[in-house]
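*Asks:* Got a structure here, written out as structure tokens. Questions coming.
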Amino acid sequence: MKLSHVSESILREIEKFEIIDAHEHLPPESVRLSLKVDVFTLFSHYTRVDLISSGMPDEYWNKIHDPSIPLEERWRIFAPYLKMIKYGSYARPAFIAAKEIYGFDDINERNYKEISERIAAENTPGIYRRILREKCKIRVALTQQNRTDYDLDLLIPIMPLDTYAAVRSKKVIDDHASKLGWNIRSLNDYLDMVREGIERWRKVGVVGLKMSSHKYLPYNRSKAVALFDKIMHDGKELPFMNPLYCFLVEEILDIAADLNMVVAVHTGMWGDFRDLDPQHMIPIFGRHPKTRFDMYHLGIPYVREAIIIGKNFPNVWLNLCWCHIISQKLTCSALSEVIDLVPINKIIAFGGDYNIPVEKVYGHLVMAREDIAKVLGERVEEGLMTENEAIEVAKMWFYDNPKNLYQLKV
Ligand SMILES: [Zn+2]
């Protein structure tokens with residue numbers, strides 16, 4: 001992206017920063033190493049949405065990621081759709097990774113085989129360190145994959161809050177009880193066990209729990225007790241949204257505060273995104289003032305609503321993870337308003353939000369740095385801050401704020 005002289009100058013400083021990557025879905029490196037990777041690894045994860053949206057049949061998507069099918073055949077069915085998605089923000093990290101990690105100026109008919117060979121050759125032990133630590137300067141990345149077997153030097157886990165809250169049947173309760181060695185007779189027993197389960201996570205390095213901004217039902221203990229007793233006796237399964245689930249979510253939010261863990265909240269974007277409106281969280285944010293919430297994705301498309309929540313609630317931070325690859329333009333215009341509205345200690349600049357394509361974390365980071373430099377550079381040009389102040393703000397967003405929010409020992 002072409003930037004103004006001032007933004008370029010800010011960008012050069014941002015590129016020297018160590019980064020806290022505040023949200024990924026990266027599994028341990030061994031998982032990546034066990035996979036057969038090729039050019040289509042660069043088009044895994046979010047680009048799926050745009051490929052399918054452009055008209056690619058699901059069956060083609062499955063084929064392009066099936067290494068038993070010859071690469072030529074897969075490229076032949078993929079190429080027409082690449083043309084449709086290549087200018088979008090979801091695709092850009094693939095092109096940045098191809099260029100700056102693998103040394104190819106483009107991804108096309110002439111070089112896809114060579115790119116595939118190069119990606120396979122680089123898929124060796126140390127790839128995470130080489131890309132995340134050395135290329136991206138990431139000090140640590142918070143990652144959520146519903147597992148805790150991480151080294152904690154580079155990757156720090158976040159666990160799903162639903163693990164203990166989404167209790168739809170007796171089987172779920174029995175499974176947790178047998179894993180943790182408990183005998184559960186009542187909802188109070190269950191809550192005591194949940195606290196121990198989350199404490200165990202805390203001891204192995206988990207720093208936060210993750211939930212989504214569903215339309216939760218009002219908190220009601222007596223309805224929750226009645227439902228808990230019912231599932232313990234009649235063996236029936238509850239629907240996803242039910243008063244027991246909503247009660248447990250709110251109890252766990254208080255447990256998180258007691259254990260000094262952050263609660264990350266997915267907002268917006270997926271599927272029928274009306275179900276994930278950040279405004280659903282307003283009563284919950286208000287009822288749990290001691291719980292620190294890290295609200296993800298600026299609630300896209302409910303951006304203004306999310307920003308005002310960040311302004312009005314002292315316990316809610318705004319985390320721009322995923323935003324830069326959803327749309328750089330949208331993120332920049334939102335960020336400009338964010339500076340007007342929200343204290344600078346409440347903003348977290350970056351989370352790659354990728355699982356297998358670790359090289360796209362680098363592409364995403366390049367885009368995040370550009371966005372932050374562009375927006376802060378504009379403030380400098382408008383005479384609203386000095387260049388030094390802009391650099392200080394960027395440092396807080398990329399490093400200090402996530403470090404302080406999650407109380408990371410780095
Ligand atoms: Zn995510």
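Identifiers in the structure tokens: chain A, B, ... in order shown; residue index from 1 per chain; ligand index from 1 in order shown.
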Would you mind writing down, as a list in words, each residue of region 152-188 of chain A that DSSP on the backbone assigns to strand (DSSP E or B)?
*Replies:* Leu155, Ile156, Pro157, Ile158, Met159 and Pro160 of chain A
*Asks:* Those residues you just picked out, can you put them in a file as a short mmCIF file (atom, residue, chain, number, x, y, z; two decimals), in the first residue's frame with C-alpha atoms?
*Replies:*
data_model
loop_
_atom_site.label_atom_id
_atom_site.label_comp_id
_atom_site.auth_asym_id
_atom_site.auth_seq_id
_atom_site.Cartn_x
_atom_site.Cartn_y
_atom_site.Cartn_z
CA LEU A 155 2.44 -19.67 22.02
CA ILE A 156 0.11 -19.09 24.98
CA PRO A 157 -3.32 -20.76 25.08
CA ILE A 158 -6.81 -19.32 25.47
CA MET A 159 -9.57 -21.90 26.12
CA PRO A 160 -13.24 -21.91 25.08
#
*Asks:* Would you mind listing what lies within 10 Å of Lys113 (chain A) as a PyMOL selection string, with only C-alpha atoms counted and same-chain residues fewer than 2 positions away left out?
*Replies:* chain A and resi 38-39+71-72+75+107-111+115-119
*Asks:* Counting only C-alpha atoms and all ligand atoms, what are the residues of chain A within 12 Å of ligand 1, and for each of them which pair of atoms is the nearest and at what distance in Å, to one decimal? Sort the table by chain and rising number, as a Markdown table.
*Replies:*
| residue | atom | partner | partner_atom_place_in_ligand_line | distance |
| --- | --- | --- | --- | --- |
| A:Asp21 | CA | ligand 1 | 1 (Zn) | 11.9 |
| A:Ala22 | CA | ligand 1 | 1 (Zn) | 10.0 |
| A:His23 | CA | ligand 1 | 1 (Zn) | 6.5 |
| A:Glu24 | CA | ligand 1 | 1 (Zn) | 6.1 |
| A:His25 | CA | ligand 1 | 1 (Zn) | 6.2 |
| A:Leu26 | CA | ligand 1 | 1 (Zn) | 9.9 |
| A:His45 | CA | ligand 1 | 1 (Zn) | 10.9 |
| A:Tyr46 | CA | ligand 1 | 1 (Zn) | 10.5 |
| A:Leu142 | CA | ligand 1 | 1 (Zn) | 10.4 |
| A:Thr143 | CA | ligand 1 | 1 (Zn) | 8.6 |
| A:Gln144 | CA | ligand 1 | 1 (Zn) | 7.4 |
| A:Gln145 | CA | ligand 1 | 1 (Zn) | 9.4 |
| A:Asn146 | CA | ligand 1 | 1 (Zn) | 11.8 |
| A:Ile158 | CA | ligand 1 | 1 (Zn) | 10.8 |
| A:Met159 | CA | ligand 1 | 1 (Zn) | 11.8 |
| A:Pro160 | CA | ligand 1 | 1 (Zn) | 11.2 |
| A:Lys210 | CA | ligand 1 | 1 (Zn) | 9.4 |
| A:Met211 | CA | ligand 1 | 1 (Zn) | 10.6 |
| A:Ser212 | CA | ligand 1 | 1 (Zn) | 10.4 |
| A:Ala264 | CA | ligand 1 | 1 (Zn) | 9.9 |
| A:Val265 | CA | ligand 1 | 1 (Zn) | 9.7 |
| A:His266 | CA | ligand 1 | 1 (Zn) | 7.4 |
| A:Thr267 | CA | ligand 1 | 1 (Zn) | 10.0 |
| A:Gly268 | CA | ligand 1 | 1 (Zn) | 11.4 |
| A:Met269 | CA | ligand 1 | 1 (Zn) | 10.8 |
| A:Trp270 | CA | ligand 1 | 1 (Zn) | 10.6 |
| A:Met295 | CA | ligand 1 | 1 (Zn) | 11.4 |
| A:Tyr296 | CA | ligand 1 | 1 (Zn) | 8.3 |
| A:His297 | CA | ligand 1 | 1 (Zn) | 8.8 |
| A:Asn319 | CA | ligand 1 | 1 (Zn) | 11.2 |
| A:Leu320 | CA | ligand 1 | 1 (Zn) | 11.0 |
| A:Cys321 | CA | ligand 1 | 1 (Zn) | 7.7 |
| A:Trp322 | CA | ligand 1 | 1 (Zn) | 7.2 |
| A:Cys323 | CA | ligand 1 | 1 (Zn) | 10.6 |
| A:Phe350 | CA | ligand 1 | 1 (Zn) | 11.8 |
| A:Gly351 | CA | ligand 1 | 1 (Zn) | 8.4 |
| A:Gly352 | CA | ligand 1 | 1 (Zn) | 8.3 |
| A:Asp353 | CA | ligand 1 | 1 (Zn) | 4.8 |
| A:Tyr354 | CA | ligand 1 | 1 (Zn) | 7.2 |
| A:Asn355 | CA | ligand 1 | 1 (Zn) | 8.9 |
*Asks:* Would you write out those residues with C-alpha atoms, as a short mmCIF file (atom, residue, chain, number, x, y, z; two decimals), in the first residue's frame?
*Replies:*
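What ended up in result.cif:
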data_model
loop_
_atom_site.label_atom_id
_atom_site.label_comp_id
_atom_site.auth_asym_id
_atom_site.auth_seq_id
_atom_site.Cartn_x
_atom_site.Cartn_y
_atom_site.Cartn_z
CA ASP A 21 -0.05 -11.25 18.56
CA ALA A 22 -3.30 -11.11 20.49
CA HIS A 23 -5.26 -13.87 18.74
CA GLU A 24 -4.44 -16.95 16.65
CA HIS A 25 -5.79 -20.47 16.16
CA LEU A 26 -2.33 -21.95 15.64
CA HIS A 45 -8.67 -20.66 5.98
CA TYR A 46 -10.53 -17.34 5.37
CA LEU A 142 -2.20 -16.01 22.14
CA THR A 143 -3.77 -19.02 20.48
CA GLN A 144 -7.11 -20.75 20.78
CA GLN A 145 -7.32 -24.33 19.54
CA ASN A 146 -9.10 -25.95 22.50
CA ILE A 158 -6.81 -19.32 25.47
CA MET A 159 -9.57 -21.90 26.12
CA PRO A 160 -13.24 -21.91 25.08
CA LYS A 210 -13.17 -17.20 24.79
CA MET A 211 -16.91 -16.77 24.21
CA SER A 212 -19.14 -15.29 21.49
CA ALA A 264 -12.21 -12.75 24.87
CA VAL A 265 -15.47 -12.19 22.98
CA HIS A 266 -15.97 -13.01 19.31
CA THR A 267 -18.33 -10.44 17.74
CA GLY A 268 -19.88 -10.16 14.26
CA MET A 269 -18.81 -11.60 10.89
CA TRP A 270 -19.72 -15.29 10.74
CA MET A 295 -13.82 -7.71 22.40
CA TYR A 296 -12.67 -9.09 19.04
CA HIS A 297 -13.09 -7.92 15.42
CA ASN A 319 -9.00 -6.02 19.73
CA LEU A 320 -8.46 -5.56 15.98
CA CYS A 321 -7.63 -9.22 15.41
CA TRP A 322 -8.97 -10.41 12.00
CA CYS A 323 -10.04 -6.84 11.07
CA PHE A 350 -3.13 -7.17 15.92
CA GLY A 351 -4.10 -10.82 15.99
CA GLY A 352 -3.44 -12.92 12.88
CA ASP A 353 -6.41 -15.24 13.50
CA TYR A 354 -4.99 -18.10 11.38
CA ASN A 355 -4.55 -21.83 12.08
#
*Asks:* Using only C-alpha atoms, can you tell me which of A:Lys290, A:Val6, A:Asp151, A:Ile14 comes closest to Tyr399 (chain A)?
*Replies:*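 Closest candidate: A:Ile14.
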*Asks:* What is the CA of Arg221 (chain A)-CA of His233 (chain A) distance in Å, reported with one decimal?
*Replies:* 18.6 Å
*Asks:* Just want the 8 Å neighbourhood of Val204 (chain A), counted on only C-alpha atoms, with same-chain residues fewer than 3 positions away dropped. Output as a compact mmCIF listing (two decimals) with N, CA and C atoms, in the first residue's frame.
*Replies:*
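This went into around_34.txt:
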# COMPACT_ATOMS: atom_id res chain seq x y z
N THR A 148 -4.07 -27.26 25.39
CA THR A 148 -3.17 -26.50 26.26
C THR A 148 -1.71 -26.93 26.12
N ARG A 200 -7.02 -25.32 36.92
CA ARG A 200 -6.02 -26.22 36.31
C ARG A 200 -5.50 -25.64 35.01
N TRP A 201 -6.41 -25.10 34.19
CA TRP A 201 -5.97 -24.44 32.95
C TRP A 201 -5.00 -23.31 33.27
*Asks:* Between CA of Lys329 (chain A) and CA of Thr41 (chain A), what is the distance in Å, rounded to a tenth?
*Replies:*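 Between these atoms lies a distance of 25.6 Å.
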*Asks:* Please, what distance in Å, to one decimal, runs between CA of Ile131 (chain A) and CA of Tyr362 (chain A)?
*Replies:*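 Distance reported for this atom pair: 7.1 Å.
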*Asks:* So which one's closest to Ser30 (chain A), A:Leu132, A:Ile339, A:Ile356, A:Ala224? Using only C-alpha atoms, please.
*Replies:*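 Answer, going by the shortest atom-to-atom distance: A:Ile356.
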*Asks:* Calculated over only C-alpha atoms, which of the candidates A:Leu161, A:Ile325, A:Ala368, A:Ile198 has the smallest distance to Cys136 (chain A)?
*Replies:*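 Of the candidates, the smallest distance to Cys136 (chain A) is held by A:Ala368.
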*Asks:* With only C-alpha atoms as the counted atoms, please give the residues lying no more than 9 Å from Ala91 (chain A), apart from itself and same-chain residues fewer than 2 positions off, as a list of chain:residue names.
*Replies:*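 Close residues of Ala91 (chain A): A:Leu42, A:Phe43, A:Tyr46, A:Thr47, A:Asp50, A:Leu82, A:Ile85, A:Lys86, A:Tyr87, A:Gly88, A:Ser89, A:Pro93, A:Ala94, A:Phe95, A:Ile325.
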*Asks:* Rank nothing, just name the residue among A:Ala97, A:Leu35, A:Ala306, A:Val225 nearest to Lys135 (chain A), using only C-alpha atoms.
*Replies:*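 The closest residue to Lys135 (chain A) is A:Ala97.
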*Asks:* Could you find all residues in region 206-317 of chain A that DSSP calls alpha helix (DSSP H) from the backbone, and write them as an NGL selection string?
*Replies:* :A and (221-234 or 243-258 or 282-287 or 303-312)
*Asks:* Neighbours of Trp397 (chain A) within 6 Å (only C-alpha atoms; same-chain residues fewer than 6 positions away dropped), as a list of chain:residue names?
*Replies:*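 Result of the neighbour search: A:Ile347, A:Ile348, A:Ala349.
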*Asks:* Measuring between only C-alpha atoms, which one of A:Asp153, A:Asp229, A:Ala334, A:His280 shows the shortest distance to Arg185 (chain A)?
*Replies:*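 Closest to Arg185 (chain A) of all the choices is A:Asp229.
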*Asks:* So that I can see what lies close to region 376-379 of chain A, please list as a PyMOL selection string the residues with an atom at most 12 Å from it, counting only C-alpha atoms and leaving out residues fewer than 5 positions away in the same chain.
*Replies:* chain A and resi 3-12+14+332-333+335-340+344+369-371+384-395+397
*Asks:* Taking N, CA and C atoms for each residue, export the selection above as an mmCIF file, in the first residue's frame.
*Replies:*
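Okay, this is what ended up in again27.cif:
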data_model
loop_
_atom_site.group_PDB
_atom_site.id
_atom_site.type_symbol
_atom_site.label_atom_id
_atom_site.label_comp_id
_atom_site.auth_asym_id
_atom_site.auth_seq_id
_atom_site.Cartn_x
_atom_site.Cartn_y
_atom_site.Cartn_z
ATOM 1 N N LEU A 3 1.879 4.851 0.972
ATOM 2 C CA LEU A 3 1.561 5.689 2.128
ATOM 3 C C LEU A 3 2.185 7.068 1.952
ATOM 4 N N SER A 4 1.684 8.022 2.720
ATOM 5 C CA SER A 4 2.264 9.369 2.687
ATOM 6 C C SER A 4 3.655 9.320 3.323
ATOM 7 N N HIS A 5 4.394 10.393 3.152
ATOM 8 C CA HIS A 5 5.740 10.472 3.691
ATOM 9 C C HIS A 5 5.742 10.248 5.218
ATOM 10 N N VAL A 6 4.826 10.910 5.920
ATOM 11 C CA VAL A 6 4.771 10.779 7.393
ATOM 12 C C VAL A 6 4.387 9.352 7.793
ATOM 13 N N SER A 7 3.388 8.787 7.099
ATOM 14 C CA SER A 7 2.963 7.422 7.440
ATOM 15 C C SER A 7 4.091 6.425 7.185
ATOM 16 N N GLU A 8 4.836 6.641 6.082
ATOM 17 C CA GLU A 8 6.004 5.785 5.796
ATOM 18 C C GLU A 8 7.007 5.840 6.941
ATOM 19 N N SER A 9 7.242 7.037 7.409
ATOM 20 C CA SER A 9 8.217 7.241 8.477
ATOM 21 C C SER A 9 7.744 6.527 9.769
ATOM 22 N N ILE A 10 6.442 6.610 10.061
ATOM 23 C CA ILE A 10 5.882 5.905 11.239
ATOM 24 C C ILE A 10 5.982 4.392 11.026
ATOM 25 N N LEU A 11 5.697 3.965 9.791
ATOM 26 C CA LEU A 11 5.759 2.528 9.484
ATOM 27 C C LEU A 11 7.164 1.968 9.734
ATOM 28 N N ARG A 12 8.182 2.716 9.324
ATOM 29 C CA ARG A 12 9.571 2.245 9.536
ATOM 30 C C ARG A 12 9.824 2.009 11.027
ATOM 31 N N ILE A 14 7.399 1.334 13.345
ATOM 32 C CA ILE A 14 6.553 0.201 13.772
ATOM 33 C C ILE A 14 7.235 -1.123 13.417
ATOM 34 N N CYS A 332 -9.243 1.011 8.600
ATOM 35 C CA CYS A 332 -8.640 2.352 8.709
ATOM 36 C C CYS A 332 -9.697 3.402 9.047
ATOM 37 N N SER A 333 -10.850 3.339 8.389
ATOM 38 C CA SER A 333 -11.846 4.377 8.680
ATOM 39 C C SER A 333 -12.373 4.207 10.106
ATOM 40 N N LEU A 335 -10.707 2.940 12.620
ATOM 41 C CA LEU A 335 -9.628 3.258 13.557
ATOM 42 C C LEU A 335 -9.495 4.769 13.755
ATOM 43 N N SER A 336 -9.754 5.492 12.686
ATOM 44 C CA SER A 336 -9.704 6.942 12.777
ATOM 45 C C SER A 336 -10.763 7.431 13.781
ATOM 46 N N GLU A 337 -11.949 6.810 13.725
ATOM 47 C CA GLU A 337 -13.005 7.173 14.681
ATOM 48 C C GLU A 337 -12.669 6.663 16.079
ATOM 49 N N VAL A 338 -12.015 5.507 16.135
ATOM 50 C CA VAL A 338 -11.641 4.936 17.438
ATOM 51 C C VAL A 338 -10.780 5.934 18.214
ATOM 52 N N ILE A 339 -9.839 6.587 17.508
ATOM 53 C CA ILE A 339 -8.948 7.530 18.204
ATOM 54 C C ILE A 339 -9.752 8.703 18.772
ATOM 55 N N ASP A 340 -10.770 9.151 18.023
ATOM 56 C CA ASP A 340 -11.626 10.211 18.555
ATOM 57 C C ASP A 340 -12.372 9.769 19.810
ATOM 58 N N ILE A 344 -6.564 5.486 24.415
ATOM 59 C CA ILE A 344 -5.585 4.705 23.633
ATOM 60 C C ILE A 344 -5.110 3.431 24.332
ATOM 61 N N ARG A 369 0.299 -3.308 10.149
ATOM 62 C CA ARG A 369 1.266 -2.206 10.321
ATOM 63 C C ARG A 369 0.938 -1.052 9.376
ATOM 64 N N GLU A 370 0.600 -1.378 8.127
ATOM 65 C CA GLU A 370 0.232 -0.328 7.156
ATOM 66 C C GLU A 370 -0.975 0.466 7.663
ATOM 67 N N ASP A 371 -2.000 -0.247 8.131
ATOM 68 C CA ASP A 371 -3.236 0.429 8.566
ATOM 69 C C ASP A 371 -2.957 1.384 9.715
ATOM 70 N N LEU A 384 -3.018 16.875 14.641
ATOM 71 C CA LEU A 384 -3.699 16.447 15.873
ATOM 72 C C LEU A 384 -2.771 15.700 16.833
ATOM 73 N N MET A 385 -1.623 15.270 16.357
ATOM 74 C CA MET A 385 -0.597 14.677 17.235
ATOM 75 C C MET A 385 0.763 14.820 16.553
ATOM 76 N N THR A 386 1.821 14.653 17.333
ATOM 77 C CA THR A 386 3.159 14.715 16.722
ATOM 78 C C THR A 386 3.550 13.317 16.251
ATOM 79 N N GLU A 387 4.590 13.270 15.433
ATOM 80 C CA GLU A 387 5.027 11.957 14.942
ATOM 81 C C GLU A 387 5.507 11.076 16.095
ATOM 82 N N ASN A 388 6.195 11.671 17.046
ATOM 83 C CA ASN A 388 6.654 10.884 18.201
ATOM 84 C C ASN A 388 5.481 10.334 19.004
ATOM 85 N N GLU A 389 4.461 11.158 19.159
ATOM 86 C CA GLU A 389 3.265 10.684 19.874
ATOM 87 C C GLU A 389 2.619 9.521 19.111
ATOM 88 N N ALA A 390 2.572 9.642 17.787
ATOM 89 C CA ALA A 390 1.977 8.578 16.960
ATOM 90 C C ALA A 390 2.730 7.259 17.157
ATOM 91 N N ILE A 391 4.044 7.348 17.212
ATOM 92 C CA ILE A 391 4.854 6.132 17.374
ATOM 93 C C ILE A 391 4.613 5.514 18.767
ATOM 94 N N GLU A 392 4.470 6.391 19.758
ATOM 95 C CA GLU A 392 4.199 5.905 21.119
ATOM 96 C C GLU A 392 2.832 5.189 21.184
ATOM 97 N N VAL A 393 1.842 5.757 20.506
ATOM 98 C CA VAL A 393 0.500 5.139 20.465
ATOM 99 C C VAL A 393 0.593 3.769 19.779
ATOM 100 N N ALA A 394 1.304 3.711 18.651
ATOM 101 C CA ALA A 394 1.423 2.442 17.917
ATOM 102 C C ALA A 394 2.087 1.376 18.791
ATOM 103 N N LYS A 395 3.076 1.777 19.552
ATOM 104 C CA LYS A 395 3.784 0.830 20.442
ATOM 105 C C LYS A 395 2.822 0.268 21.492
ATOM 106 N N TRP A 397 -0.416 -0.044 21.143
ATOM 107 C CA TRP A 397 -1.405 -0.914 20.487
ATOM 108 C C TRP A 397 -0.824 -2.277 20.112
#
*Asks:* Do you know which residues are at most 9 Å from Pro125 (chain A) counting only C-alpha atoms, after dropping those on the same chain fewer than 2 positions away, and could you put them as a PyMOL selection string?
*Replies:* chain A and resi 29-30+33+122-123+127-129
*Asks:* Go ahead and save the picked residues with N, CA and C atoms, as a tab-separated table (two decimals), in the first residue's frame.
*Replies:*
chain	number	residue	atom	x	y	z
A	29	GLU	N	3.41	-26.63	16.57
A	29	GLU	CA	4.11	-26.70	15.28
A	29	GLU	C	4.06	-28.12	14.67
A	30	SER	N	4.08	-29.15	15.53
A	30	SER	CA	4.09	-30.52	15.02
A	30	SER	C	2.89	-30.81	14.11
A	33	LEU	N	3.73	-29.43	10.72
A	33	LEU	CA	4.78	-30.23	10.07
A	33	LEU	C	4.25	-31.57	9.55
A	122	GLU	N	10.23	-25.68	2.96
A	122	GLU	CA	10.36	-24.84	4.18
A	122	GLU	C	9.57	-25.40	5.37
A	123	ASN	N	8.76	-26.44	5.12
A	123	ASN	CA	7.90	-26.96	6.20
A	123	ASN	C	8.69	-27.91	7.10
A	127	ILE	N	9.87	-23.84	11.82
A	127	ILE	CA	9.14	-22.92	10.92
A	127	ILE	C	8.40	-21.83	11.72
A	128	TYR	N	7.82	-22.21	12.87
A	128	TYR	CA	7.12	-21.21	13.68
A	128	TYR	C	8.09	-20.13	14.14
A	129	ARG	N	9.24	-20.58	14.64
A	129	ARG	CA	10.23	-19.62	15.15
A	129	ARG	C	10.71	-18.71	14.01
*Asks:* Let me make sure I understand: among A:Asp254, A:Asp162, A:Gly181, A:Pro27, which one has the smallest atom-to-atom distance to Tyr150 (chain A) if we use only C-alpha atoms?
*Replies:*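 Nearest candidate to Tyr150 (chain A) out of A:Asp254, A:Asp162, A:Gly181, A:Pro27: A:Pro27.
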